[in-house]
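One structure is given below, encoded as C-alpha cells.
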Amino acid sequence: VLQAAAVLGRSFPLEGLASLLGRARDLSGAVRRLEHLRFVQRDTRDRTDGECYRFDHGMLHEVVYRGISTQGRRAWHARAALWLDEEVKVHLPDGCAAVAQHYEHAGDLGRAARAWIRAAESANAAWASSQAQRAFEQALALDDRHGGLLDTRERGGACAAAGILAHAAGELERADALLEQGVELTPADQPAPKAERMRRRALTLEARGQAERAG
C-alpha cells in the first residue's frame with residue numbers, strides 16, 4: 001500500500017490508491033494504520049479529489065519510492081496515468097501535467113508527449129503562459145530525444161504555439177527557431193494556419209532587427 005501511494009506522489013488521494021491496487025475494500029483501514037504509525041497523515045488542504053493523505057516526511061516518500069522495482073514503478077505509473085486521464089477527466093493544468101509525468105515514468109512516451117501538449121494547452125487557456133511554454137517544450141524535447149512520437153501536424157502546432165509564447169516572454173531567438181519549424185511543418189492543406197505562423201515569425205524577426213529574413 002505504501003509503495004503504491006509513493007507512486008502517486010507525496011500527497012495522494014484514496015481513490016487513486018484504490019485504482020492502483022485494484023481494490024477498495026479495507027483500504028481505508030490500511031491507510032489509517034499507516035496514519036497511526038505516523039507514516040502518513042490526513043491532507044487537510046483544499047482538495048477536489050476526495051479523501052487525501054500525505055507522507056509525513058518527504059524523505060520517507062523518496063525512500064519508499066526508490067524501493068520499488070523498475071518494472072513495478074512503470075506498471076503503477078501506467079495505472080496512475082490511466083486513472084487520472086480516464087476516470088478523473090482532469091482539466092486543470094497541474095492535473096494534465098501529472099498525467100504526462102505518469103505516462104513518461106511508465107515508458108509510454110507517445111502518450112506522454114501528447115499529454116504534455118494537452119497540459120500546455122490547458123495552461124495557456126488558464127493564462128499560465130510560462131507553465132504552458134514549459135509543457136510545450138517538454139513535449140518537443142521528448143520528441144527530439146526519441147523521434148517520431150508526434151506526427152508532423154502535432155509537432156508543427158506545438159512548435160508554433162511554443163514560439164508565440166517564447167516571443168511574448170522576450171526569448172526572441174528561441175521564438176524564431178520554433179516558429180520557423182512551425183511554418184515548415186504546417187501541411188499544405190492548412191493555408192490559413194501557415195499564413196498566421198509566417199506572420200508571427202515575421203513579427204519575431206522584426207523584433208530581432210532581422211525583418212529582411214522574413215522573405
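For the C-alpha cells, the naming scheme is as follows: chains receive sequential letters (A, B, ...) according to their order of presentation, residues are indexed from 1 within each chain, and ligands are indexed from 1 in presentation order.
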Residue list (alpha helix (DSSP H), DSSP) for stretch 99-199 of chain A, as a PyMOL selection string: chain A and resi 99-106+109-125+129-146+152-168+172-185+191-199
Residue neighbourhood A:Gly50, 12 Å, only C-alpha atoms, exclusion window fewer than 5 positions, as a list in words: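 With the cut-off at 12 Å, the set is Phe12, Pro13, Leu14, Glu15, Gly16, Leu17, Arg42, Asp43, Thr44, Arg45 and Val88 of chain A.
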Selection near stretch 34-37 of chain A, 12 Å with only C-alpha atoms, sequence-local residues under 3 positions removed, as a ChimeraX atom specification: /A:1-3,5,27-31,40-43,52-56
Next, write the just-selected residues to a file, as a compact mmCIF listing (two decimals), in the first residue's frame, keeping all heavy atoms as the atom set.
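Here's the written file result-v6.txt:
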# COMPACT_ATOMS: atom_id res chain seq x y z
N VAL A 1 0.84 -1.20 0.00
CA VAL A 1 0.00 0.00 0.00
C VAL A 1 0.87 1.25 0.00
O VAL A 1 0.65 2.20 -0.75
CB VAL A 1 -0.94 0.02 1.22
CG1 VAL A 1 -1.67 1.36 1.32
CG2 VAL A 1 -1.95 -1.11 1.13
N LEU A 2 1.91 1.25 0.83
CA LEU A 2 2.78 2.41 0.94
C LEU A 2 3.52 2.67 -0.37
O LEU A 2 3.71 3.82 -0.78
CB LEU A 2 3.77 2.20 2.09
CG LEU A 2 4.38 3.46 2.73
CD1 LEU A 2 3.29 4.36 3.28
CD2 LEU A 2 5.36 3.07 3.83
N GLN A 3 3.95 1.61 -1.05
CA GLN A 3 4.66 1.78 -2.32
C GLN A 3 3.74 2.33 -3.41
O GLN A 3 4.13 3.21 -4.17
CB GLN A 3 5.28 0.46 -2.76
CG GLN A 3 6.48 0.04 -1.92
CD GLN A 3 7.13 -1.23 -2.44
OE1 GLN A 3 6.47 -2.08 -3.03
NE2 GLN A 3 8.43 -1.35 -2.22
N ALA A 5 1.16 4.18 -2.92
CA ALA A 5 0.93 5.57 -2.57
C ALA A 5 2.09 6.45 -3.01
O ALA A 5 1.89 7.56 -3.50
CB ALA A 5 0.72 5.69 -1.06
N LEU A 27 -9.21 -0.71 2.37
CA LEU A 27 -8.10 0.20 2.07
C LEU A 27 -8.07 1.34 3.08
O LEU A 27 -6.99 1.76 3.52
CB LEU A 27 -8.23 0.75 0.65
CG LEU A 27 -6.99 1.42 0.08
CD1 LEU A 27 -5.79 0.48 0.13
CD2 LEU A 27 -7.24 1.85 -1.35
N SER A 28 -9.23 1.84 3.46
CA SER A 28 -9.28 2.92 4.46
C SER A 28 -8.64 2.47 5.76
O SER A 28 -7.90 3.22 6.40
CB SER A 28 -10.72 3.36 4.71
OG SER A 28 -11.27 3.96 3.57
N GLY A 29 -8.91 1.22 6.15
CA GLY A 29 -8.32 0.70 7.37
C GLY A 29 -6.82 0.60 7.28
O GLY A 29 -6.10 0.93 8.22
N ALA A 30 -6.32 0.15 6.11
CA ALA A 30 -4.87 0.03 5.92
C ALA A 30 -4.21 1.40 5.99
O ALA A 30 -3.14 1.55 6.60
CB ALA A 30 -4.58 -0.62 4.57
N VAL A 31 -4.83 2.41 5.39
CA VAL A 31 -4.26 3.75 5.41
C VAL A 31 -4.32 4.33 6.82
O VAL A 31 -3.38 5.01 7.26
CB VAL A 31 -4.98 4.67 4.41
CG1 VAL A 31 -4.51 6.11 4.55
CG2 VAL A 31 -4.74 4.18 2.99
N VAL A 40 1.96 8.32 7.31
CA VAL A 40 1.19 9.30 6.54
C VAL A 40 0.28 10.07 7.49
O VAL A 40 0.09 9.67 8.65
CB VAL A 40 0.33 8.61 5.46
CG1 VAL A 40 1.19 7.80 4.51
CG2 VAL A 40 -0.76 7.74 6.08
N GLN A 41 -0.25 11.16 6.98
CA GLN A 41 -1.22 11.96 7.74
C GLN A 41 -2.29 12.46 6.79
O GLN A 41 -2.09 12.53 5.58
CB GLN A 41 -0.52 13.15 8.42
CG GLN A 41 0.21 14.06 7.46
CD GLN A 41 0.93 15.19 8.16
OE1 GLN A 41 0.28 16.10 8.67
NE2 GLN A 41 2.25 15.14 8.19
N ARG A 42 -3.45 12.78 7.34
CA ARG A 42 -4.54 13.29 6.51
C ARG A 42 -4.13 14.63 5.90
O ARG A 42 -3.58 15.49 6.59
CB ARG A 42 -5.80 13.45 7.36
CG ARG A 42 -7.05 13.89 6.61
CD ARG A 42 -7.59 12.78 5.74
NE ARG A 42 -8.10 11.68 6.52
CZ ARG A 42 -9.37 11.57 6.93
NH1 ARG A 42 -10.26 12.49 6.60
NH2 ARG A 42 -9.75 10.52 7.63
N ASP A 43 -4.37 14.78 4.61
CA ASP A 43 -4.07 16.03 3.93
C ASP A 43 -5.31 16.91 4.02
O ASP A 43 -6.32 16.64 3.38
CB ASP A 43 -3.71 15.76 2.46
CG ASP A 43 -3.12 16.98 1.77
OD1 ASP A 43 -3.30 18.10 2.29
OD2 ASP A 43 -2.47 16.83 0.72
N CYS A 52 -7.82 12.54 1.01
CA CYS A 52 -6.40 12.51 0.63
C CYS A 52 -5.51 12.38 1.85
O CYS A 52 -5.87 12.79 2.96
CB CYS A 52 -6.01 13.78 -0.12
SG CYS A 52 -6.82 13.96 -1.72
N TYR A 53 -4.36 11.79 1.62
CA TYR A 53 -3.34 11.63 2.67
C TYR A 53 -2.00 12.14 2.13
O TYR A 53 -1.84 12.34 0.93
CB TYR A 53 -3.23 10.18 3.11
CG TYR A 53 -4.43 9.70 3.90
CD1 TYR A 53 -5.58 9.26 3.25
CD2 TYR A 53 -4.43 9.70 5.29
CE1 TYR A 53 -6.69 8.85 3.96
CE2 TYR A 53 -5.53 9.29 6.01
CZ TYR A 53 -6.66 8.86 5.34
OH TYR A 53 -7.76 8.46 6.04
N ARG A 54 -1.06 12.30 3.05
CA ARG A 54 0.24 12.86 2.69
C ARG A 54 1.32 12.15 3.49
O ARG A 54 1.14 11.87 4.68
CB ARG A 54 0.23 14.36 3.01
CG ARG A 54 1.52 15.10 2.68
CD ARG A 54 1.32 16.59 2.99
NE ARG A 54 2.54 17.35 2.81
CZ ARG A 54 2.95 17.83 1.65
NH1 ARG A 54 2.21 17.63 0.57
NH2 ARG A 54 4.07 18.52 1.56
N PHE A 55 2.42 11.80 2.83
CA PHE A 55 3.55 11.21 3.55
C PHE A 55 4.02 12.19 4.62
O PHE A 55 4.15 13.39 4.35
CB PHE A 55 4.70 10.88 2.60
CG PHE A 55 4.53 9.57 1.88
CD1 PHE A 55 3.77 9.49 0.72
CD2 PHE A 55 5.13 8.42 2.37
CE1 PHE A 55 3.60 8.28 0.06
CE2 PHE A 55 4.96 7.20 1.71
CZ PHE A 55 4.20 7.13 0.56
N ASP A 56 4.31 11.68 5.80
CA ASP A 56 4.67 12.55 6.92
C ASP A 56 5.95 13.31 6.64
O ASP A 56 6.13 14.44 7.09
CB ASP A 56 4.81 11.72 8.20
CG ASP A 56 4.51 12.53 9.44
OD1 ASP A 56 3.64 13.41 9.37
OD2 ASP A 56 5.17 12.31 10.47
Among the residues A:Ala139, A:Ser69, A:Ser129, A:Asp176, the one that comes closest to A:Ala100 [using only C-alpha atoms]: A:Ala139
Selection near A:Glu62, 9 Å with only C-alpha atoms, sequence-local residues under 5 positions removed, as JSON, numbers by chain: {"A": [6, 10, 57, 67]}
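Backbone DSSP of stretch 26-192 of chain A yields strand (DSSP E or B) at Val40, Gln41, Arg42, Cys52, Tyr53, Arg54 and Phe55 of chain A.
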Selection: 9 Å around A:Ala75, only C-alpha atoms, excl. self and same-chain fewer than 5 positions, as number ranges by chain: A: 70, 80, 106
Would you save the residues from that selection as a compact mmCIF listing (two decimals), in the first residue's frame, using N, CA, C and O atoms?
# COMPACT_ATOMS: atom_id res chain seq x y z
N THR A 70 11.97 -1.33 -10.85
CA THR A 70 11.73 -0.56 -12.07
C THR A 70 10.46 -1.03 -12.77
O THR A 70 9.64 -0.22 -13.22
N ALA A 80 -1.66 4.80 -12.89
CA ALA A 80 -1.96 6.15 -12.38
C ALA A 80 -2.32 7.09 -13.52
O ALA A 80 -3.25 7.89 -13.41
N ALA A 106 6.07 5.77 -16.95
CA ALA A 106 5.63 4.42 -17.35
C ALA A 106 6.32 3.95 -18.61
O ALA A 106 6.20 2.78 -19.00
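Coordinates place atom CA of A:Leu205 at a distance of 16.1 Å from atom CA of A:Cys159.
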Residue contacts of A:Arg114 (9 Å, only C-alpha atoms) excluding same-chain residues fewer than 5 positions away, as a list in words: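 Answer for this query is Ala100, Leu109, Ala119, Ala139, Leu149, Leu150 and Glu154 of chain A.
Nearest to A:Arg79 of all the residues A:Ala135, A:Tyr65, A:Val7, A:Ile117 is A:Val7, based on only C-alpha atoms.
With only C-alpha atoms as the basis for measurement, A:Leu20 is the residue among A:Leu20, A:Glu121, A:Ile68, A:Ala126 that approaches A:Ala81 most closely.
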